[in-house]
>>> print(open('input.tsv').read())   # TSV, C-alpha atoms and all ligand atoms
chain	number	residue	atom	x	y	z
A	1	MET	CA	8.60	-9.84	18.41
A	2	LEU	CA	6.82	-8.47	15.33
A	3	TYR	CA	7.65	-5.00	13.97
A	4	LEU	CA	5.77	-2.97	11.39
A	5	ALA	CA	8.18	-0.98	9.22
A	6	SER	CA	5.71	1.71	8.18
A	7	ARG	CA	4.67	5.29	8.81
A	8	SER	CA	1.19	4.59	7.51
A	9	PRO	CA	-1.45	4.84	10.27
A	10	ARG	CA	-3.74	2.72	8.08
A	11	ARG	CA	-1.28	-0.17	8.00
A	12	ALA	CA	-1.01	-0.05	11.79
A	13	ASP	CA	-4.82	-0.07	12.12
A	14	LEU	CA	-5.16	-2.97	9.71
A	15	LEU	CA	-2.44	-5.02	11.38
A	16	SER	CA	-4.10	-4.41	14.77
A	17	ARG	CA	-7.25	-5.98	13.37
A	18	LEU	CA	-5.40	-9.31	13.18
A	19	GLY	CA	-5.04	-9.21	16.96
A	20	VAL	CA	-1.24	-9.34	16.95
A	21	ARG	CA	1.03	-7.20	19.08
A	22	PHE	CA	3.76	-5.31	17.27
A	23	GLY	CA	6.24	-2.47	17.54
A	24	LEU	CA	6.49	0.37	15.05
A	25	LEU	CA	9.64	1.20	13.11
A	26	ASP	CA	9.86	4.64	11.59
A	27	LEU	CA	11.86	4.63	8.39
A	28	ASP	CA	12.16	6.56	5.20
A	29	VAL	CA	12.75	4.31	2.20
A	30	PRO	CA	12.94	6.19	-1.12
A	31	GLU	CA	10.29	5.17	-3.65
A	32	HIS	CA	11.58	5.73	-7.17
A	33	GLN	CA	10.80	3.48	-10.10
A	34	ALA	CA	13.99	2.79	-12.06
A	35	PRO	CA	13.91	3.50	-15.80
A	36	GLY	CA	12.45	0.47	-17.55
A	37	GLU	CA	11.59	-1.27	-14.27
A	38	PRO	CA	8.27	-3.13	-14.68
A	39	ALA	CA	5.52	-1.95	-12.35
A	40	ALA	CA	5.14	-5.20	-10.40
A	41	ASP	CA	8.93	-5.58	-9.98
A	42	TYR	CA	9.04	-2.07	-8.56
A	43	VAL	CA	6.31	-2.74	-5.95
A	44	HIS	CA	8.03	-5.99	-4.90
A	45	ARG	CA	11.38	-4.23	-4.62
A	46	VAL	CA	10.07	-1.37	-2.48
A	47	ALA	CA	8.23	-3.75	-0.11
A	48	ARG	CA	11.47	-5.76	0.31
A	49	GLU	CA	13.48	-2.60	0.88
A	50	LYS	CA	11.08	-1.44	3.58
A	51	ALA	CA	11.23	-4.81	5.39
A	52	GLY	CA	15.02	-4.99	4.93
A	53	ALA	CA	15.59	-1.47	6.26
A	54	GLY	CA	13.38	-2.29	9.24
A	55	LEU	CA	15.25	-5.50	9.92
A	56	LEU	CA	18.56	-3.63	10.06
A	57	LYS	CA	17.13	-1.56	12.90
A	58	VAL	CA	16.14	-4.53	15.04
A	59	LEU	CA	18.85	-7.10	14.32
A	60	ALA	CA	19.88	-6.90	17.95
A	61	SER	CA	16.47	-8.16	19.00
A	62	PRO	CA	16.47	-11.98	18.79
A	63	GLY	CA	13.56	-13.52	16.90
A	64	ALA	CA	12.50	-10.21	15.38
A	65	VAL	CA	10.11	-10.43	12.41
A	66	VAL	CA	9.65	-7.27	10.34
A	67	LEU	CA	6.73	-6.48	8.04
A	68	GLY	CA	7.09	-3.99	5.18
A	69	ALA	CA	4.56	-3.28	2.45
A	70	ASP	CA	4.07	-1.17	-0.62
A	71	THR	CA	0.91	-0.17	-2.47
A	72	GLU	CA	0.74	1.39	-5.92
A	73	VAL	CA	-2.00	2.07	-8.44
A	74	ILE	CA	-1.24	0.70	-11.91
A	75	LEU	CA	-2.99	1.81	-15.11
A	76	ASP	CA	-1.85	0.61	-18.53
A	77	GLY	CA	1.45	-0.49	-16.96
A	78	ARG	CA	2.06	2.99	-15.51
A	79	VAL	CA	2.61	3.37	-11.77
A	80	PHE	CA	0.65	6.04	-9.90
A	81	GLY	CA	2.24	6.57	-6.51
A	82	LYS	CA	1.42	9.20	-3.89
A	83	PRO	CA	0.77	12.52	-5.68
A	84	ALA	CA	3.10	15.36	-4.71
A	85	ASP	CA	0.34	17.98	-4.90
A	86	ALA	CA	-3.30	18.56	-5.83
A	87	ALA	CA	-2.47	19.12	-9.51
A	88	GLU	CA	-0.79	15.74	-9.74
A	89	ALA	CA	-3.69	14.11	-7.87
A	90	ALA	CA	-6.13	15.72	-10.34
A	91	ALA	CA	-4.17	14.35	-13.29
A	92	MET	CA	-4.22	10.86	-11.75
A	93	LEU	CA	-7.97	11.01	-11.11
A	94	ARG	CA	-8.62	12.19	-14.67
A	95	ALA	CA	-6.66	9.19	-15.92
A	96	LEU	CA	-8.55	6.77	-13.64
A	97	SER	CA	-11.97	8.22	-14.60
A	98	GLY	CA	-14.23	5.69	-16.33
A	99	ARG	CA	-11.52	3.04	-16.34
A	100	THR	CA	-10.53	-0.10	-14.47
A	101	HIS	CA	-7.11	-0.04	-12.80
A	102	GLU	CA	-5.16	-2.35	-10.57
A	103	VAL	CA	-4.07	-1.67	-7.01
A	104	LEU	CA	-1.05	-3.81	-6.24
A	105	THR	CA	0.08	-4.35	-2.66
A	106	VAL	CA	3.12	-6.44	-1.82
A	107	VAL	CA	3.68	-7.49	1.79
A	108	CYS	CA	7.16	-8.62	2.78
A	109	LEU	CA	8.08	-10.39	6.02
A	110	ALA	CA	11.73	-10.64	6.96
A	111	SER	CA	13.59	-12.19	9.87
A	112	ALA	CA	17.29	-12.86	10.40
A	113	GLY	CA	17.30	-15.99	8.25
A	114	ARG	CA	14.25	-15.69	6.13
A	115	GLU	CA	12.19	-13.55	3.79
A	116	ALA	CA	8.80	-14.11	2.14
A	117	GLN	CA	6.40	-12.00	0.16
A	118	ALA	CA	2.76	-12.01	-0.83
A	119	ALA	CA	1.36	-9.92	-3.68
A	120	VAL	CA	-2.28	-8.99	-3.98
A	121	ALA	CA	-3.70	-7.30	-7.07
A	122	THR	CA	-7.16	-5.77	-6.87
A	123	ARG	CA	-9.08	-4.48	-9.85
A	124	VAL	CA	-10.98	-1.26	-9.19
A	125	SER	CA	-13.44	0.23	-11.69
A	126	VAL	CA	-14.06	3.95	-11.33
A	127	ASP	CA	-17.14	5.79	-12.65
A	128	PRO	CA	-16.61	8.58	-15.16
A	129	LEU	CA	-15.61	11.66	-13.15
A	130	GLU	CA	-16.59	15.21	-14.12
A	131	ASP	CA	-14.09	17.99	-13.50
A	132	ALA	CA	-16.43	19.26	-10.77
A	133	ASP	CA	-16.36	15.82	-9.05
A	134	ILE	CA	-12.57	15.89	-9.08
A	135	ALA	CA	-12.42	19.44	-7.74
A	136	ARG	CA	-14.83	18.59	-4.91
A	137	TYR	CA	-12.90	15.45	-4.06
A	138	LEU	CA	-9.55	17.21	-4.01
A	139	ALA	CA	-11.00	19.77	-1.58
A	140	THR	CA	-11.49	16.97	0.99
A	141	GLY	CA	-7.70	16.48	1.19
A	142	GLU	CA	-8.27	12.72	1.38
A	143	TRP	CA	-5.98	12.21	-1.64
A	144	GLN	CA	-2.88	13.19	0.33
A	145	GLY	CA	-0.45	10.36	0.93
A	146	LYS	CA	-2.58	7.88	-1.05
A	147	ALA	CA	-1.40	6.01	-4.13
A	148	GLY	CA	-3.36	7.08	-7.21
A	149	GLY	CA	-4.69	10.17	-5.44
A	150	TYR	CA	-7.68	8.54	-3.77
A	151	ALA	CA	-8.63	6.67	-0.61
A	152	ILE	CA	-11.27	4.02	-1.09
A	153	GLN	CA	-12.00	4.11	2.65
A	154	GLY	CA	-13.41	7.63	2.36
A	155	ARG	CA	-15.64	9.61	0.04
A	156	PHE	CA	-14.05	8.18	-3.07
A	157	GLU	CA	-15.96	4.94	-2.63
A	158	ALA	CA	-18.98	6.85	-3.97
A	159	TYR	CA	-17.29	6.59	-7.39
A	160	VAL	CA	-16.21	2.94	-7.19
A	161	ALA	CA	-18.39	0.89	-9.53
A	162	ARG	CA	-16.71	-2.44	-8.83
A	163	LEU	CA	-13.91	-3.95	-6.79
A	164	GLU	CA	-12.46	-7.38	-7.43
A	165	GLY	CA	-9.88	-8.52	-4.92
A	166	SER	CA	-8.93	-7.29	-1.46
A	167	TYR	CA	-10.42	-4.15	0.07
A	168	SER	CA	-7.81	-4.14	2.85
A	169	GLY	CA	-5.17	-4.64	0.15
A	170	VAL	CA	-6.29	-1.41	-1.53
A	171	MET	CA	-5.94	0.33	1.85
A	172	GLY	CA	-2.37	-0.91	2.15
A	173	LEU	CA	-2.37	-4.26	3.95
A	174	PRO	CA	-4.30	-7.29	2.66
A	175	LEU	CA	-5.43	-9.01	5.85
A	176	ARG	CA	-5.89	-12.56	4.58
A	177	GLU	CA	-2.50	-12.80	2.89
A	178	THR	CA	-0.80	-11.01	5.77
A	179	ALA	CA	-2.31	-13.47	8.27
A	180	ARG	CA	-1.02	-16.38	6.20
A	181	LEU	CA	2.49	-14.97	6.03
A	182	LEU	CA	2.53	-14.26	9.76
A	183	ARG	CA	1.55	-17.87	10.54
A	184	GLU	CA	4.37	-19.08	8.25
A	185	PHE	CA	6.77	-17.07	10.41
A	186	GLY	CA	5.36	-18.54	13.60
A	187	VAL	CA	3.43	-15.43	14.62
A	188	PRO	CA	0.06	-16.68	15.92
A	189	VAL	CA	-2.91	-14.96	14.27
A	201	LIG	C1	-5.48	3.34	-3.40
A	201	LIG	C2	-5.38	3.60	-1.93
A	201	LIG	C3	-4.16	3.76	-1.30
A	201	LIG	N1	-4.10	4.01	0.04
A	201	LIG	C4	-2.80	4.20	0.71
A	201	LIG	C5	-2.17	2.94	1.24
A	201	LIG	C6	-0.73	3.35	1.44
A	201	LIG	O1	-0.57	3.86	2.77
A	201	LIG	C7	-0.53	4.49	0.45
A	201	LIG	C8	0.48	4.13	-0.60
A	201	LIG	O2	1.75	4.46	-0.13
A	201	LIG	P1	2.86	3.43	0.36
A	201	LIG	O3	4.16	3.94	-0.16
A	201	LIG	O4	2.47	2.02	0.03
A	201	LIG	O5	2.83	3.56	1.95
A	201	LIG	P2	3.00	4.83	2.89
A	201	LIG	O6	3.99	5.79	2.32
A	201	LIG	O7	1.62	5.36	3.21
A	201	LIG	O8	3.55	4.18	4.23
A	201	LIG	P3	4.93	3.38	4.49
A	201	LIG	O9	5.77	3.40	3.24
A	201	LIG	O10	5.60	4.10	5.63
A	201	LIG	O11	4.49	2.00	4.90
A	201	LIG	O12	-1.81	4.72	-0.15
A	201	LIG	C9	-5.25	4.08	0.80
A	201	LIG	O13	-5.18	4.29	2.01
A	201	LIG	N2	-6.47	3.90	0.19
A	201	LIG	C10	-6.59	3.67	-1.13
A	201	LIG	O14	-7.73	3.53	-1.63
>>> encode(input="input.tsv", output="structure tokens")
Amino acid sequence: MLYLASRSPRRADLLSRLGVRFGLLDLDVPEHQAPGEPAADYVHRVAREKAGAGLLKVLASPGAVVLGADTEVILDGRVFGKPADAAEAAAMLRALSGRTHEVLTVVCLASAGREAQAAVATRVSVDPLEDADIARYLATGEWQGKAGGYAIQGRFEAYVARLEGSYSGVMGLPLRETARLLREFGVPV
């Protein structure tokens, strides 16, 4: 049985698109970058912690496979996670304005005897944003709960000049790499 260790409705939607059946595990894994921890190491660690915490919940279920994932926006080596409030989201969007950043998603699959990860980095170029653009965007509320303070799957795409990589990866679950990992674990996709 496959379990998705995530509270993100987007990850559940994306995983459903692969046509697999899965259960949902609700868990709260803290996301804090350690001092000096490189951005990519941090994203890998959090994805592993989510899958590991999920696995602990279902160890009694034989053959359980747990999927955890983490998505962060990275600019100049700095990690932009989910903004705590509109002011923090505004600061993130000002930093992303007119620049190209990376969205890194790491997917981790774990079962009783095995663990594997896939990392997908997508480069996203954002048009220059006026203060008025940012204010209008923040008013939509779409920034809430999204790394970097934007959701590409909504109005923000109007400001995306170029995307190189995985669109589903930016949304939180890269479908191609996830499908490959699932097959490796014997989950038919
Ligand atoms: C950049 C970007 C991020 N996101 C989302 C994907 C992730 O859900 C979220 C980053 O936060 P995550 O910590 O990766 O995930 P989460 O807290 O939403 O869910 P969970 O930890 O329970 O699995 O940002 C978008 O939906 N669209 C985007 O364009």
>>> residues_around(input="input.tsv", residues="A:Glu72", least_positions_apart="6", cutoff="10 Å", atoms="only C-alpha atoms", output="ChimeraX atom specification")
/A:39-40,42-43,78-82,102-106,121,146-148,170,172
>>> write_last_selection(input="input.tsv", atoms="C-alpha atoms", output="PDB file, in the coordinates of the input")
ATOM      1  CA  ALA A  39       5.520  -1.950 -12.350  1.00  0.00           C
ATOM      2  CA  ALA A  40       5.140  -5.200 -10.400  1.00  0.00           C
ATOM      3  CA  TYR A  42       9.040  -2.070  -8.560  1.00  0.00           C
ATOM      4  CA  VAL A  43       6.310  -2.740  -5.950  1.00  0.00           C
ATOM      5  CA  ARG A  78       2.060   2.990 -15.510  1.00  0.00           C
ATOM      6  CA  VAL A  79       2.610   3.370 -11.770  1.00  0.00           C
ATOM      7  CA  PHE A  80       0.650   6.040  -9.900  1.00  0.00           C
ATOM      8  CA  GLY A  81       2.240   6.570  -6.510  1.00  0.00           C
ATOM      9  CA  LYS A  82       1.420   9.200  -3.890  1.00  0.00           C
ATOM     10  CA  GLU A 102      -5.160  -2.350 -10.570  1.00  0.00           C
ATOM     11  CA  VAL A 103      -4.070  -1.670  -7.010  1.00  0.00           C
ATOM     12  CA  LEU A 104      -1.050  -3.810  -6.240  1.00  0.00           C
ATOM     13  CA  THR A 105       0.080  -4.350  -2.660  1.00  0.00           C
ATOM     14  CA  VAL A 106       3.120  -6.440  -1.820  1.00  0.00           C
ATOM     15  CA  ALA A 121      -3.700  -7.300  -7.070  1.00  0.00           C
ATOM     16  CA  LYS A 146      -2.580   7.880  -1.050  1.00  0.00           C
ATOM     17  CA  ALA A 147      -1.400   6.010  -4.130  1.00  0.00           C
ATOM     18  CA  GLY A 148      -3.360   7.080  -7.210  1.00  0.00           C
ATOM     19  CA  VAL A 170      -6.290  -1.410  -1.530  1.00  0.00           C
ATOM     20  CA  GLY A 172      -2.370  -0.910   2.150  1.00  0.00           C
TER      21      GLY A 172
END
>>> axis_aligned_box(input="input.tsv", around="ligand LIG 201 (chain A)", padding_each_side="8 Å", output="lines of an AutoDock Vina configuration file")
center_x = -1.0
center_y = 3.9
center_z = 1.1
size_x = 29.5
size_y = 19.8
size_z = 25.0
>>> closest_residue(input="input.tsv", among="A:Leu24, A:Ala139, A:Val29, A:Met171", to="A:Leu2", atoms="all atoms listed in the file")
A:Leu24
>>> closest_residue(input="input.tsv", among="A:Cys108, A:Thr71, A:Arg7, A:Arg99", to="A:Ala151", atoms="all atoms listed in the file")
A:Thr71
>>> closest_residue(input="input.tsv", among="A:Pro9, A:Gly145, A:Pro188, A:Gly54", to="A:Ala84", atoms="all atoms listed in the file")
A:Gly145
>>> residues_around(input="input.tsv", residues="A:Gly165", least_positions_apart="6", cutoff="9 Å", atoms="all atoms listed in the file", output="CSV table (one decimal) with C-alpha atoms, in the frame of the given file")
chain,number,residue,atom,x,y,z
A,120,VAL,CA,-2.3,-9.0,-4.0
A,121,ALA,CA,-3.7,-7.3,-7.1
A,122,THR,CA,-7.2,-5.8,-6.9
A,123,ARG,CA,-9.1,-4.5,-9.8
A,124,VAL,CA,-11.0,-1.3,-9.2
>>> atom_distance(input="input.tsv", atom1="atom CA of A:Gln153", atom2="atom CA of A:Ser8")
14.1 Å
>>> atom_distance(input="input.tsv", atom1="atom CA of A:Leu109", atom2="atom CA of A:Gly77")
25.9 Å
>>> decode(input="input.tsv", residues="stretch 87-122 of chain A", atoms="C-alpha atoms", output="CSV table (one decimal), in the first residue's frame")
chain,number,residue,atom,x,y,z
A,87,ALA,CA,5.0,41.2,4.4
A,88,GLU,CA,7.4,38.3,4.1
A,89,ALA,CA,5.7,37.2,0.9
A,90,ALA,CA,6.2,40.7,-0.5
A,91,ALA,CA,9.9,40.7,0.4
A,92,MET,CA,10.3,37.3,-1.4
A,93,LEU,CA,8.5,38.6,-4.5
A,94,ARG,CA,10.6,41.7,-4.6
A,95,ALA,CA,13.7,39.6,-4.5
A,96,LEU,CA,12.5,37.3,-7.2
A,97,SER,CA,11.4,40.2,-9.5
A,98,GLY,CA,13.4,40.3,-12.8
A,99,ARG,CA,15.5,37.4,-11.8
A,100,THR,CA,15.9,33.7,-12.5
A,101,HIS,CA,15.6,31.4,-9.5
A,102,GLU,CA,15.5,27.7,-8.9
A,103,VAL,CA,12.6,25.6,-7.5
A,104,LEU,CA,14.0,22.5,-6.0
A,105,THR,CA,11.7,19.6,-5.2
A,106,VAL,CA,13.0,16.4,-3.6
A,107,VAL,CA,10.8,13.3,-3.5
A,108,CYS,CA,11.6,10.5,-1.1
A,109,LEU,CA,10.2,7.0,-1.1
A,110,ALA,CA,10.7,4.8,1.9
A,111,SER,CA,9.7,1.3,2.8
A,112,ALA,CA,10.8,-0.9,5.7
A,113,GLY,CA,14.0,-1.9,4.0
A,114,ARG,CA,14.6,0.7,1.5
A,115,GLU,CA,14.8,4.4,0.7
A,116,ALA,CA,15.4,6.4,-2.5
A,117,GLN,CA,15.2,10.0,-3.6
A,118,ALA,CA,14.8,12.0,-6.7
A,119,ALA,CA,15.7,15.7,-6.9
A,120,VAL,CA,14.3,18.0,-9.6
A,121,ALA,CA,15.5,21.5,-10.1
A,122,THR,CA,13.5,23.9,-12.2
